[in-house]
Structures are given as C-alpha cells and as structure tokens.
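The next block is start30.cif, given as mmCIF, C-alpha atoms (C1' of nucleotides).
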data_protein
#
loop_
_atom_site.label_atom_id
_atom_site.label_comp_id
_atom_site.auth_asym_id
_atom_site.auth_seq_id
_atom_site.Cartn_x
_atom_site.Cartn_y
_atom_site.Cartn_z
CA MET A 1 50.90 -3.15 37.18
CA GLY A 2 47.87 -4.64 35.53
CA PRO A 3 47.59 -8.12 34.09
CA ASP A 4 50.27 -9.47 31.80
CA LEU A 5 48.86 -8.82 28.36
CA SER A 6 51.78 -10.31 26.51
CA GLY A 7 49.97 -13.63 26.58
CA GLN A 8 53.26 -15.50 26.89
CA ALA A 9 56.11 -15.86 29.27
CA ARG A 10 57.22 -12.32 29.97
CA SER A 11 60.45 -12.72 28.06
CA ARG A 12 58.76 -13.69 24.82
CA PRO A 13 57.03 -11.30 22.45
CA SER A 14 53.47 -12.08 21.47
CA SER A 15 50.61 -10.95 19.29
CA LEU A 16 50.09 -8.15 21.80
CA THR A 17 53.50 -6.65 21.45
CA VAL A 18 54.89 -3.95 23.66
CA ASP A 19 52.72 -1.30 22.02
CA TYR A 20 49.55 -3.17 23.08
CA LYS A 21 48.16 -3.06 19.57
CA PRO A 22 46.59 -5.89 17.60
CA VAL A 23 49.21 -5.95 14.89
CA PHE A 24 47.63 -8.73 12.79
CA HIS A 25 44.35 -6.88 12.69
CA GLU A 26 45.84 -3.45 12.09
CA LEU A 27 48.18 -4.60 9.36
CA ALA A 28 45.34 -6.27 7.46
CA ARG A 29 43.29 -3.12 7.76
CA VAL A 30 46.04 -0.78 6.61
CA ARG A 31 46.81 -3.04 3.66
CA ALA A 32 43.14 -3.13 2.65
CA ILE A 33 42.87 0.66 2.85
CA LEU A 34 45.90 1.12 0.61
CA PHE A 35 44.71 -1.52 -1.86
CA ASP A 36 41.25 0.01 -2.01
CA ALA A 37 42.72 3.47 -2.57
CA LYS A 38 44.78 2.19 -5.49
CA LEU A 39 41.90 0.15 -6.93
CA ALA A 40 39.21 2.82 -6.53
CA PRO A 41 39.90 4.44 -9.94
CA HIS A 42 39.15 1.06 -11.50
CA GLY A 43 35.77 0.76 -9.84
CA ILE A 44 36.61 -2.27 -7.72
CA THR A 45 37.66 -3.15 -4.18
CA ILE A 46 40.34 -5.58 -3.05
CA SER A 47 37.82 -8.18 -1.90
CA GLN A 48 36.02 -8.05 -5.22
CA ALA A 49 39.36 -8.26 -7.03
CA TRP A 50 40.13 -11.53 -5.27
CA VAL A 51 37.11 -13.11 -6.90
CA LEU A 52 38.64 -12.21 -10.25
CA VAL A 53 41.93 -13.80 -9.25
CA HIS A 54 40.12 -17.04 -8.54
CA LEU A 55 38.35 -16.85 -11.88
CA TRP A 56 41.69 -16.20 -13.53
CA GLN A 57 42.90 -19.45 -12.01
CA GLU A 58 39.77 -21.26 -13.21
CA ASP A 59 36.99 -19.50 -15.07
CA GLY A 60 33.35 -20.57 -14.75
CA LEU A 61 33.44 -21.56 -11.09
CA SER A 62 30.17 -21.76 -9.20
CA GLN A 63 29.56 -19.23 -6.44
CA SER A 64 29.91 -21.85 -3.75
CA LYS A 65 33.21 -23.06 -5.25
CA ILE A 66 34.46 -19.49 -5.16
CA ALA A 67 33.34 -19.14 -1.54
CA GLU A 68 35.12 -22.39 -0.69
CA ARG A 69 38.37 -21.32 -2.34
CA MET A 70 38.22 -17.86 -0.78
CA ASP A 71 37.35 -19.37 2.59
CA VAL A 72 34.36 -17.11 3.12
CA ALA A 73 30.63 -17.74 3.49
CA THR A 74 28.54 -18.05 0.33
CA VAL A 75 26.56 -14.98 1.35
CA THR A 76 29.73 -12.94 1.08
CA THR A 77 30.60 -14.07 -2.44
CA SER A 78 26.99 -13.51 -3.42
CA LYS A 79 27.30 -9.81 -2.70
CA LEU A 80 30.80 -9.47 -4.14
CA ILE A 81 29.59 -11.01 -7.39
CA ASP A 82 26.58 -8.68 -7.41
CA LYS A 83 28.96 -5.73 -7.43
CA LEU A 84 31.27 -7.27 -10.02
CA GLU A 85 28.33 -8.03 -12.29
CA GLU A 86 26.95 -4.49 -11.89
CA HIS A 87 30.26 -3.13 -13.11
CA GLY A 88 30.50 -5.63 -15.95
CA PHE A 89 33.52 -7.55 -14.66
CA VAL A 90 31.79 -10.94 -14.49
CA THR A 91 28.63 -12.64 -15.78
CA ARG A 92 26.48 -15.23 -14.05
CA GLN A 93 25.16 -18.23 -15.98
CA VAL A 94 22.85 -20.87 -14.57
CA ASP A 95 24.61 -24.23 -14.53
CA PRO A 96 22.69 -26.37 -17.06
CA SER A 97 23.55 -29.50 -15.08
CA ASP A 98 22.32 -28.04 -11.76
CA ARG A 99 19.87 -25.22 -11.98
CA ARG A 100 20.41 -24.17 -8.36
CA SER A 101 23.96 -23.20 -9.20
CA ASN A 102 25.36 -20.11 -10.95
CA LEU A 103 28.59 -20.37 -12.92
CA VAL A 104 30.59 -17.17 -12.89
CA PHE A 105 32.72 -16.06 -15.84
CA ALA A 106 35.12 -13.12 -16.02
CA THR A 107 34.51 -10.66 -18.85
CA ASP A 108 37.39 -9.19 -20.84
CA GLU A 109 37.26 -6.16 -18.54
CA GLY A 110 37.45 -8.47 -15.55
CA LYS A 111 40.44 -10.32 -16.97
CA ALA A 112 42.18 -7.02 -17.67
CA LEU A 113 41.73 -6.01 -14.04
CA VAL A 114 43.72 -9.00 -12.81
CA ARG A 115 46.68 -7.54 -14.66
CA VAL A 116 46.13 -4.21 -12.93
CA LEU A 117 45.91 -5.93 -9.57
CA THR A 118 49.23 -7.64 -10.24
CA LYS A 119 50.91 -4.29 -10.56
CA ILE A 120 49.22 -2.93 -7.46
CA VAL A 121 50.17 -5.95 -5.35
CA TYR A 122 53.74 -5.33 -6.42
CA GLU A 123 53.52 -1.68 -5.42
CA VAL A 124 51.99 -2.39 -2.03
CA ASP A 125 54.55 -5.06 -1.26
CA GLU A 126 57.33 -2.69 -2.29
CA VAL A 127 56.10 -0.18 0.25
CA ALA A 128 55.40 -2.71 2.99
CA ASN A 129 58.72 -4.53 2.63
CA ALA A 130 60.91 -1.44 2.49
CA GLY A 131 63.97 -1.75 4.66
CA ILE A 132 63.21 -5.29 5.83
CA ASP A 133 65.60 -8.19 5.33
CA PRO A 134 64.17 -10.38 2.52
CA SER A 135 64.90 -13.55 4.44
CA ASP A 136 62.95 -12.19 7.41
CA ILE A 137 60.05 -11.52 5.06
CA ALA A 138 60.24 -15.09 3.80
CA THR A 139 60.23 -16.34 7.38
CA THR A 140 57.26 -14.13 8.17
CA LEU A 141 55.16 -15.40 5.28
CA THR A 142 55.89 -18.99 6.25
CA VAL A 143 54.98 -18.31 9.87
CA LEU A 144 51.76 -16.52 8.94
CA GLY A 145 50.68 -19.40 6.72
CA ARG A 146 51.35 -21.81 9.55
CA MET A 147 49.44 -19.68 12.06
CA ARG A 148 46.50 -19.45 9.72
CA GLU A 149 46.41 -23.22 9.41
CA ASN A 150 46.73 -23.71 13.16
CA LEU A 151 43.82 -21.36 13.81
CA LYS A 152 41.67 -22.87 11.07
CA VAL A 153 42.15 -26.31 12.57
CA GLU A 154 41.10 -24.94 15.96
CA LEU A 155 38.02 -23.25 14.49
CA ALA A 156 37.00 -26.46 12.77
CA ARG A 157 37.37 -28.26 16.11
CA ILE A 158 35.02 -25.87 17.93
CA MET B 1 50.32 -18.78 -17.72
CA GLY B 2 48.58 -15.69 -16.50
CA PRO B 3 50.21 -12.66 -14.94
CA ASP B 4 52.83 -13.01 -12.23
CA LEU B 5 50.86 -12.62 -9.04
CA SER B 6 53.81 -13.05 -6.75
CA GLY B 7 54.32 -9.32 -6.90
CA GLN B 8 58.08 -9.77 -6.63
CA ALA B 9 60.90 -11.32 -8.52
CA ARG B 10 59.75 -14.83 -9.22
CA SER B 11 62.24 -16.36 -6.84
CA ARG B 12 61.00 -14.38 -3.85
CA PRO B 13 57.89 -15.16 -1.86
CA SER B 14 55.38 -12.37 -1.41
CA SER B 15 52.14 -11.42 0.26
CA LEU B 16 50.42 -13.49 -2.40
CA THR B 17 52.12 -16.72 -1.59
CA VAL B 18 51.94 -19.80 -3.75
CA ASP B 19 48.41 -20.57 -2.62
CA TYR B 20 47.20 -17.23 -4.05
CA LYS B 21 45.52 -16.28 -0.81
CA PRO B 22 45.68 -12.97 1.04
CA VAL B 23 47.35 -14.35 4.13
CA PHE B 24 47.44 -11.07 6.11
CA HIS B 25 43.74 -10.56 5.61
CA GLU B 26 42.77 -14.17 6.25
CA LEU B 27 44.86 -14.51 9.36
CA ALA B 28 43.34 -11.38 10.88
CA ARG B 29 39.87 -12.68 10.13
CA VAL B 30 40.48 -16.14 11.54
CA ARG B 31 41.97 -14.66 14.70
CA ALA B 32 39.00 -12.33 15.13
CA ILE B 33 36.54 -15.19 14.69
CA LEU B 34 38.31 -17.26 17.34
CA PHE B 35 38.56 -14.34 19.75
CA ASP B 36 34.90 -13.48 19.29
CA ALA B 37 33.90 -17.09 19.87
CA LYS B 38 35.83 -17.18 23.13
CA LEU B 39 34.55 -13.75 24.23
CA ALA B 40 30.90 -14.28 23.27
CA PRO B 41 29.96 -15.84 26.66
CA HIS B 42 31.15 -12.60 28.29
CA GLY B 43 28.91 -10.41 26.13
CA ILE B 44 31.73 -8.60 24.35
CA THR B 45 33.62 -8.68 21.05
CA ILE B 46 37.35 -8.39 20.49
CA SER B 47 37.10 -4.85 19.11
CA GLN B 48 35.10 -3.74 22.11
CA ALA B 49 37.58 -5.50 24.39
CA TRP B 50 40.40 -3.43 22.94
CA VAL B 51 38.73 -0.28 24.19
CA LEU B 52 38.87 -1.77 27.68
CA VAL B 53 42.56 -2.52 27.27
CA HIS B 54 43.20 1.12 26.49
CA LEU B 55 41.17 2.17 29.51
CA TRP B 56 43.16 -0.27 31.59
CA GLN B 57 46.29 1.53 30.45
CA GLU B 58 44.72 4.90 31.26
CA ASP B 59 41.20 5.27 32.59
CA GLY B 60 39.04 8.28 31.80
CA LEU B 61 40.28 8.83 28.26
CA SER B 62 38.12 10.90 25.93
CA GLN B 63 36.53 9.13 22.97
CA SER B 64 38.82 10.88 20.53
CA LYS B 65 41.89 9.92 22.55
CA ILE B 66 40.74 6.33 22.45
CA ALA B 67 40.24 6.57 18.69
CA GLU B 68 43.69 8.03 18.29
CA ARG B 69 45.35 5.30 20.34
CA MET B 70 43.39 2.56 18.57
CA ASP B 71 44.14 4.14 15.21
CA VAL B 72 40.51 4.12 14.15
CA ALA B 73 38.04 6.86 13.28
CA THR B 74 36.10 8.53 16.08
CA VAL B 75 32.86 7.26 14.64
CA THR B 76 34.08 3.71 15.21
CA THR B 77 34.88 4.21 18.88
CA SER B 78 31.58 5.98 19.30
CA LYS B 79 29.71 2.82 18.41
CA LEU B 80 32.03 0.50 20.31
CA ILE B 81 31.50 2.59 23.43
CA ASP B 82 27.73 2.54 22.86
CA LYS B 83 27.84 -1.25 23.07
CA LEU B 84 30.18 -1.28 26.06
CA GLU B 85 27.96 1.20 27.88
CA GLU B 86 24.83 -0.83 27.07
CA HIS B 87 26.43 -3.84 28.73
CA GLY B 88 27.68 -1.84 31.68
CA PHE B 89 31.40 -2.20 31.00
CA VAL B 90 32.07 1.54 30.77
CA THR B 91 30.42 4.84 31.64
CA ARG B 92 30.56 8.14 29.77
CA GLN B 93 31.02 11.41 31.65
CA VAL B 94 31.01 14.83 30.08
CA ASP B 95 34.42 16.43 30.46
CA PRO B 96 33.84 19.40 32.79
CA SER B 97 36.69 21.29 31.14
CA ASP B 98 35.36 20.74 27.61
CA ARG B 99 31.69 19.99 27.28
CA ARG B 100 32.06 18.65 23.74
CA SER B 101 34.11 15.79 25.07
CA ASN B 102 33.10 12.54 26.82
CA LEU B 103 35.45 10.92 29.28
CA VAL B 104 35.12 7.14 29.36
CA PHE B 105 35.66 5.13 32.53
CA ALA B 106 35.76 1.35 32.89
CA THR B 107 33.38 -0.11 35.46
CA ASP B 108 34.44 -2.92 37.76
CA GLU B 109 32.88 -5.37 35.31
CA GLY B 110 34.88 -3.76 32.52
CA LYS B 111 38.11 -4.03 34.48
CA ALA B 112 37.39 -7.67 35.26
CA LEU B 113 37.01 -8.38 31.57
CA VAL B 114 40.54 -7.25 30.81
CA ARG B 115 41.71 -10.09 33.00
CA VAL B 116 39.55 -12.51 31.02
CA LEU B 117 40.94 -11.14 27.79
CA THR B 118 44.46 -11.74 29.04
CA LYS B 119 43.72 -15.41 29.43
CA ILE B 120 42.06 -15.63 26.03
CA VAL B 121 44.94 -13.90 24.28
CA TYR B 122 47.21 -16.46 25.84
CA GLU B 123 45.02 -19.31 24.62
CA VAL B 124 44.76 -17.99 21.07
CA ASP B 125 48.49 -17.43 20.85
CA GLU B 126 49.10 -20.93 22.18
CA VAL B 127 47.03 -22.33 19.34
CA ALA B 128 48.43 -20.03 16.65
CA ASN B 129 52.06 -20.54 17.62
CA ALA B 130 51.93 -24.31 17.94
CA GLY B 131 54.85 -26.01 16.27
CA ILE B 132 56.54 -22.79 15.21
CA ASP B 133 60.08 -21.86 16.22
CA PRO B 134 59.84 -19.11 18.87
CA SER B 135 62.61 -17.12 17.25
CA ASP B 136 60.72 -17.19 13.96
CA ILE B 137 57.67 -15.86 15.78
CA ALA B 138 59.76 -13.07 17.24
CA THR B 139 61.05 -12.23 13.77
CA THR B 140 57.52 -12.27 12.43
CA LEU B 141 56.18 -9.85 15.02
CA THR B 142 59.04 -7.46 14.36
CA VAL B 143 58.47 -7.66 10.61
CA LEU B 144 54.73 -7.12 10.94
CA GLY B 145 55.26 -4.05 13.09
CA ARG B 146 57.67 -2.66 10.54
CA MET B 147 55.28 -3.35 7.67
CA ARG B 148 52.47 -1.66 9.51
CA GLU B 149 54.61 1.44 9.99
CA ASN B 150 55.72 1.43 6.36
CA LEU B 151 52.13 1.26 5.16
CA LYS B 152 50.92 3.90 7.60
CA VAL B 153 53.59 6.29 6.36
CA GLU B 154 52.48 5.64 2.79
CA LEU B 155 48.82 6.21 3.68
CA ALA B 156 49.68 9.49 5.39
CA ARG B 157 51.57 10.52 2.24
CA ILE B 158 48.56 9.94 -0.02
"C1'" DT C 1 35.07 41.61 21.76
"C1'" DG C 2 33.42 39.05 18.18
"C1'" DC C 3 33.54 36.03 14.35
"C1'" DA C 4 36.03 32.28 11.80
"C1'" DA C 5 38.19 28.06 12.22
"C1'" DA C 6 38.99 23.92 14.52
"C1'" DT C 7 37.48 20.07 17.36
"C1'" DG C 8 34.42 16.25 19.72
"C1'" DA C 9 30.71 13.43 19.14
"C1'" DT C 10 27.07 11.55 16.42
"C1'" DA C 11 23.72 10.28 12.39
"C1'" DC C 12 23.58 8.38 7.88
"C1'" DG C 13 25.00 5.52 4.38
"C1'" DC C 14 28.40 2.18 2.42
"C1'" DA C 15 31.41 -2.30 2.23
"C1'" DA C 16 32.74 -6.86 3.90
"C1'" DG C 17 32.33 -10.26 7.00
"C1'" DC C 18 29.16 -13.51 9.72
"C1'" DG C 19 24.83 -16.54 11.17
"C1'" DA C 20 20.06 -17.85 10.59
"C1'" DA C 21 16.10 -18.39 7.83
"C1'" DT C 22 14.04 -18.97 3.20
"C1'" DT C 23 13.34 -20.71 -1.48
"C1'" DA C 24 14.38 -23.61 -5.24
"C1'" DG C 25 16.30 -27.59 -6.95
"C1'" DT C 26 18.75 -32.20 -6.44
"C1'" DT C 27 19.85 -36.59 -4.36
"C1'" DA C 28 19.03 -40.67 -1.81
"C1'" DC C 29 16.54 -44.12 0.04
"C1'" DC C 30 12.42 -46.78 1.33
"C1'" DG D 1 7.91 -43.16 -7.52
"C1'" DG D 2 7.66 -40.30 -3.62
"C1'" DT D 3 9.24 -38.20 0.41
"C1'" DA D 4 13.18 -36.76 3.28
"C1'" DA D 5 17.48 -34.83 3.44
"C1'" DC D 6 20.73 -32.10 1.47
"C1'" DT D 7 22.69 -28.19 -1.32
"C1'" DA D 8 22.93 -23.40 -3.88
"C1'" DA D 9 21.75 -18.95 -3.68
"C1'" DT D 10 19.54 -15.08 -1.55
"C1'" DT D 11 17.33 -11.98 2.06
"C1'" DC D 12 17.62 -10.10 6.66
"C1'" DG D 13 19.88 -8.39 10.45
"C1'" DC D 14 24.20 -7.87 13.02
"C1'" DT D 15 29.34 -5.91 13.86
"C1'" DT D 16 33.32 -3.24 12.51
"C1'" DG D 17 35.40 -0.41 9.65
"C1'" DC D 18 35.25 3.86 6.55
"C1'" DG D 19 33.79 8.91 4.71
"C1'" DT D 20 30.76 12.84 4.83
"C1'" DA D 21 27.71 15.94 6.97
"C1'" DT D 22 25.91 18.08 11.15
"C1'" DC D 23 25.72 20.23 15.65
"C1'" DA D 24 27.65 22.06 19.73
"C1'" DT D 25 31.45 23.89 21.77
"C1'" DT D 26 36.02 25.80 22.08
"C1'" DT D 27 39.94 28.30 20.36
"C1'" DG D 28 42.39 31.77 17.96
"C1'" DC D 29 43.03 35.96 15.89
"C1'" DA D 30 42.00 40.58 14.01
#
Take the structure from the file and write it as structure tokens.
Amino acid sequence: MGPDLSGQARSRPSSLTVDYKPVFHELARVRAILFDAKLAPHGITISQAWVLVHLWQEDGLSQSKIAERMDVATVTTSKLIDKLEEHGFVTRQVDPSDRRSNLVFATDEGKALVRVLTKIVYEVDEVANAGIDPSDIATTLTVLGRMRENLKVELARI
Amino acid sequence: MGPDLSGQARSRPSSLTVDYKPVFHELARVRAILFDAKLAPHGITISQAWVLVHLWQEDGLSQSKIAERMDVATVTTSKLIDKLEEHGFVTRQVDPSDRRSNLVFATDEGKALVRVLTKIVYEVDEVANAGIDPSDIATTLTVLGRMRENLKVELARI
DNA sequence: TGCAAATGATACGCAAGCGAATTAGTTACC
DNA sequence: GGTAACTAATTCGCTTGCGTATCATTTGCA
C-alpha cells in the first residue's frame, strides 16, 4: 500500500474519495463545459455571463467593483469585459467623478442574455440534480458555501 | 425584480444560491489556489501532482492512459508531463511494443512528492471542513460524485 | 499484401485564471 | 501647493483546460 490519500482518518471520506479523483475540480470543469456548450450559440461564455448577472443586480458598476463582487482579479474582469463589449453586450463609460475608472453598463442585448442564462442554469441543475434527494442537495450547497468561506479565510491569512 | 436566478422552484436552493455566486466554480478555484500555494516550494502544481498520484497507483502508464484516468484531453497531459519531466519528477520511455506511445515513470523524487501531497491534502481538508458536521461532509461528497456522473452522461449525450 | 482507418503524441491557437509591472489619475499629508 | 502614496485599468507572461490539425505508427480488412 502507498500513502493514505484519503487525507482523513481512514473511516471518513474526504475530498480524495475512493476513486482518487479531485471531485471539486472535476465537477466545476464539467459544469463549465456544459454551460459553455449551451451558451455558445449566444456568443458568450459562462464566465462572461456572470459579469452580466452582476450588472443585472446593479448596472453601471466599475470594473474593480465587478472584480470584487466576482472575487477575481481586476485583470480577469478587464478581459471578460473586452469580450462582452466586442459582442455588444456591455458598454464602458469613463466615470466622470474618477477618470481612472470605467463604469460598465449592460446593453439591451446583454440584459436579454441574463434571461437566457436563467433558463440554462435551470437546465443544467435539472441534469446535475437528477435522482438526488433534494434535502441532500440543500445540505451540499450549504456545506460548499461553508467550505468556500473557510478556504477564503485561510487564503487571506497566508 | 429580475428573472429568477435560483434555477429551481423558488423555495428550493440551487447552484446559484442566494449570494448569486457560482459556488462550484469558486470552491474549485479557491482550493486550487491553496493547493498551489502549499505545493509551490516543491516546484509542482496541483494538476501536475495529480499525474504523480496516478503513477503511484500504476507506474509506467502511457500518456493517453493517464489522460483517460484523469478525464482530460491528451494534449493537457502532454504539457503536464513536460513540466514534470523538466523538474525530474517523471521520465518518458518509448513503448517498445508501440512506438507511437510514451510510457511515463515516476522518479524517486516524484514518488516522494506523492507523500508530500498526502500531507497537504490532509491540511487543506482540515481547513475546508472546519466546523462542518462530518456526516454532512459525507453527504456532500456523495452528492458531488453523483452530480459529476450526471453531467458527464449529459456531455457524452451531446 | 497493401491501403484505409484509427490511435498516440504534439504544435498552434483560444479562454480564464493568476501575479508583477506599467501608466494614468486621485488622495493625503507636510 | 507639491510630493508621496494609493488606486484603476491594462499589458505581459505564466498555467491549465479545450479543439483542431498534423505526423508517425499501428491495426484492420478487402
């Protein structure tokens, strides 16, 4: 036998489950692939679509505000917004009160895409959740949120 | 009110939880960042480390076998193995029975790293699981595995 | 046997992340 | 008021994924 890769007492399951596969990582990847496949006809990717969701919540956010709310680096939003602007889903406007800053507004096409995304999220969840006890799914989402917070706290500490 | 982004009946939680954040995606990213931070002193990334785990399970796999077991494209393993070879963690050997194929073997340094990874997986799980009911974590891992399978079946169907 | 089809690995180009460095503009303090 | 420190956005270069195309080799079938 090699080392114990379960990362826990042997009787407890862990992030490296019995199949020795990084389930968090793989699940995120598979979800992204399916989302991107469903969004491709609309000329957008799932990461770009998330920017639109944040603008739907509050239009005219600055790029750094968007980065903050999406929990990514500003350089990432910069490129996502480039693509969205190219396709006419958002417009950039220099903030008159701070000329370093760009305010980002969703166009009508961009707003319409949020509605499309809604439907696609529903479809993907339908597929993903098939045959799973709804209360277990609720538990899972709570646990994942908690794990994310735990890890973010640790990253901030480093 | 905008569209219903819960992607489910309003009373049920969903992958877009109340904070409107893609928790699967974010959790995978945060985990990867923490893993990479802990692995950086050893000159390896978490994705590269996974190749070593598969070689620990069975040494001398071909690149395409590794890709198959990791559920990634062969082009991805190709580059991961480039990096691992550069750092002396694996060696490639042409398969004498099929000269198109490279067999990949872990070096002693590579094998030693699996042991390091074991410890790091334990540490990351310790952090992630803090304050969460162990039985809820068990439920979560089961649910995630099921979701992954559901989505993979759907992707194969497309 | 010989040629078509399949397979293994790689090069190229793309997307989404990151960090570090750069530029432009703002704030804060002496 | 002027300089130092900070902040917003971008460019560059990196990793990990993907798809497509290419090349060498192997397999399969007529």
Please identify all polymer residues lying at most 10 Å from the point (37.1, 9.2, 30.3) (file coordinates), using all atoms listed in the file, and present the result as a PyMOL selection string.
chain B and resi 55+58-63+65-66+90-95+101-106
Write the selection just made, keeping C-alpha atoms, as a PDB file, keeping the file's coordinate frame?
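Result written to selection33.pdb:
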ATOM      1  CA  LEU B  55      41.170   2.170  29.510  1.00  0.00           C
ATOM      2  CA  GLU B  58      44.720   4.900  31.260  1.00  0.00           C
ATOM      3  CA  ASP B  59      41.200   5.270  32.590  1.00  0.00           C
ATOM      4  CA  GLY B  60      39.040   8.280  31.800  1.00  0.00           C
ATOM      5  CA  LEU B  61      40.280   8.830  28.260  1.00  0.00           C
ATOM      6  CA  SER B  62      38.120  10.900  25.930  1.00  0.00           C
ATOM      7  CA  GLN B  63      36.530   9.130  22.970  1.00  0.00           C
ATOM      8  CA  LYS B  65      41.890   9.920  22.550  1.00  0.00           C
ATOM      9  CA  ILE B  66      40.740   6.330  22.450  1.00  0.00           C
ATOM     10  CA  VAL B  90      32.070   1.540  30.770  1.00  0.00           C
ATOM     11  CA  THR B  91      30.420   4.840  31.640  1.00  0.00           C
ATOM     12  CA  ARG B  92      30.560   8.140  29.770  1.00  0.00           C
ATOM     13  CA  GLN B  93      31.020  11.410  31.650  1.00  0.00           C
ATOM     14  CA  VAL B  94      31.010  14.830  30.080  1.00  0.00           C
ATOM     15  CA  ASP B  95      34.420  16.430  30.460  1.00  0.00           C
ATOM     16  CA  SER B 101      34.110  15.790  25.070  1.00  0.00           C
ATOM     17  CA  ASN B 102      33.100  12.540  26.820  1.00  0.00           C
ATOM     18  CA  LEU B 103      35.450  10.920  29.280  1.00  0.00           C
ATOM     19  CA  VAL B 104      35.120   7.140  29.360  1.00  0.00           C
ATOM     20  CA  PHE B 105      35.660   5.130  32.530  1.00  0.00           C
ATOM     21  CA  ALA B 106      35.760   1.350  32.890  1.00  0.00           C
TER      22      ALA B 106
END
Within 9 Å of range 5-15 of chain D, counting all atoms listed in the file, which residues qualify if same-chain residues fewer than 3 places away don't, as a list in words?
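Neighbouring residues, sequence-local ones excluded: Gln63, Ser64, Thr74, Val75, Ser78, Arg99, Arg100, Ser101 and Asn102 of chain A; Thr45 of chain B; DG17, DC18, DG19, DA21, DT22, DT23, DA24, DG25, DT26, DT27 and DA28 of chain C.
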Please, which residues in chain A fall within 6 Å of chain B when counting all atoms listed in the file, and what is the closest atom pair and distance in Å to one decimal for each, ordered by chain then residue number, as CSV?
residue,atom,partner,partner_atom,distance
A:Leu5,CA,B:Thr118,CA,5.3
A:Gly7,CA,B:Tyr122,CA,4.0
A:Phe24,CA,B:Ala28,CA,5.4
A:His25,CA,B:Ala28,CA,5.0
A:Leu27,CA,B:Arg148,CA,5.2
A:Ala28,CA,B:His25,CA,4.9
A:Thr118,CA,B:Leu5,CA,5.4
A:Val121,CA,B:Gly7,CA,5.6
A:Tyr122,CA,B:Gly7,CA,4.1
A:Ala128,CA,B:Met147,CA,4.7
A:Thr140,CA,B:Thr140,CA,4.7
A:Met147,CA,B:Ala128,CA,4.7
A:Arg148,CA,B:Leu27,CA,5.2
A:Asn150,CA,B:Ala128,CA,5.3
A:Leu151,CA,B:Ala128,CA,5.6
Residues within 12 Å of (29.8, 27.1, 22.2), file coords, only C-alpha atoms (C1' of nucleotides), listed as a CSV table (one decimal) with C-alpha atoms (C1' of nucleotides), keeping the file's coordinate frame:
chain,number,residue,atom,x,y,z
B,98,ASP,CA,35.4,20.7,27.6
B,99,ARG,CA,31.7,20.0,27.3
B,100,ARG,CA,32.1,18.6,23.7
C,7,DT,C1',37.5,20.1,17.4
D,23,DC,C1',25.7,20.2,15.6
D,24,DA,C1',27.6,22.1,19.7
D,25,DT,C1',31.4,23.9,21.8
D,26,DT,C1',36.0,25.8,22.1
D,27,DT,C1',39.9,28.3,20.4
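In this model, the gap between C1' of DG13 in chain C and CA of Asp36 in chain B comes to 26.1 Å.
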Just the residues within 12 Å of DG1 in chain D, please, counting only C-alpha atoms (C1' of nucleotides), with nothing from its chain fewer than 2 positions along; format it as an NGL selection string.
(:C and (29-30)) or (:D and (3))
Can you list, as an MDAnalysis selection string, every protein, DNA or RNA residue that comes within 12 Å of range 1-4 of chain C when you count all atoms listed in the file, leaving out same-chain residues fewer than 2 positions away?
(chainID C and resid 6) or (chainID D and resid 27:30)
Identify, on the basis of all atoms listed in the file, every residue whose closest approach to Thr107 in chain B does not exceed 6 Å; exclude the query and any residue fewer than 2 positions from it along the same chain; express the result as a list in words.
Phe89, Val90, Glu109 and Gly110 of chain B
Output file for the selection above: C-alpha atoms, as a JSON list (two decimals), in the frame of the given file:
[["chain", "number", "residue", "atom", "x", "y", "z"],
["B", 89, "PHE", "CA", 31.40, -2.20, 31.00],
["B", 90, "VAL", "CA", 32.07, 1.54, 30.77],
["B", 109, "GLU", "CA", 32.88, -5.37, 35.31],
["B", 110, "GLY", "CA", 34.88, -3.76, 32.52]]
With the PyMOL selection byres ((chain C) within 8 of (chain B)) as the selection, what would be picked from this file? Answer as a short mmCIF file (atom, residue, chain, number, x, y, z; two decimals) with C-alpha atoms (C1' of nucleotides), in the coordinates of the input, please.
data_model
loop_
_atom_site.label_atom_id
_atom_site.label_comp_id
_atom_site.auth_asym_id
_atom_site.auth_seq_id
_atom_site.Cartn_x
_atom_site.Cartn_y
_atom_site.Cartn_z
"C1'" DG C 8 34.42 16.25 19.72
"C1'" DA C 9 30.71 13.43 19.14
"C1'" DT C 10 27.07 11.55 16.42
#
Which residues match the PyMOL selection byres ((chain D and resi 19) around 10) in the file above, as a ChimeraX atom specification?
/B:73 /C:13-14 /D:18,20-21
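Here CA of His87 in chain B stands at a distance of 21.4 Å from C1' of DG17 in chain D.
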Expressed in Å to a single decimal, how great is the separation between CA of Ala67 in chain B and CA of Val51 in chain B?
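We find that CA of Ala67 in chain B and CA of Val51 in chain B lie 8.9 Å from each other.
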Would you mind putting back N, CA and C atoms on range 39-51 of chain B, then writing it out as a compact mmCIF listing (two decimals), keeping the file's coordinate frame?
# COMPACT_ATOMS: atom_id res chain seq x y z
N LEU B 39 35.05 -14.88 23.44
CA LEU B 39 34.55 -13.75 24.23
C LEU B 39 33.03 -13.71 24.29
N ALA B 40 32.36 -14.37 23.37
CA ALA B 40 30.90 -14.28 23.27
C ALA B 40 30.20 -14.55 24.61
N PRO B 41 30.63 -15.58 25.38
CA PRO B 41 29.96 -15.84 26.66
C PRO B 41 30.04 -14.64 27.61
N HIS B 42 31.00 -13.75 27.40
CA HIS B 42 31.15 -12.60 28.29
C HIS B 42 30.42 -11.36 27.75
N GLY B 43 29.72 -11.52 26.64
CA GLY B 43 28.91 -10.41 26.13
C GLY B 43 29.72 -9.29 25.51
N ILE B 44 30.84 -9.63 24.89
CA ILE B 44 31.73 -8.60 24.35
C ILE B 44 32.41 -9.15 23.11
N THR B 45 32.86 -8.27 22.24
CA THR B 45 33.62 -8.68 21.05
C THR B 45 35.06 -8.22 21.22
N ILE B 46 35.93 -8.72 20.34
CA ILE B 46 37.35 -8.39 20.49
C ILE B 46 37.61 -6.90 20.27
N SER B 47 36.88 -6.28 19.35
CA SER B 47 37.10 -4.85 19.11
C SER B 47 36.68 -4.03 20.32
N GLN B 48 35.56 -4.42 20.90
CA GLN B 48 35.10 -3.74 22.11
C GLN B 48 36.10 -3.97 23.25
N ALA B 49 36.63 -5.18 23.32
CA ALA B 49 37.58 -5.50 24.39
C ALA B 49 38.82 -4.61 24.31
N TRP B 50 39.21 -4.27 23.09
CA TRP B 50 40.40 -3.43 22.94
C TRP B 50 40.21 -2.06 23.56
N VAL B 51 39.00 -1.56 23.52
CA VAL B 51 38.73 -0.28 24.19
C VAL B 51 39.04 -0.43 25.68
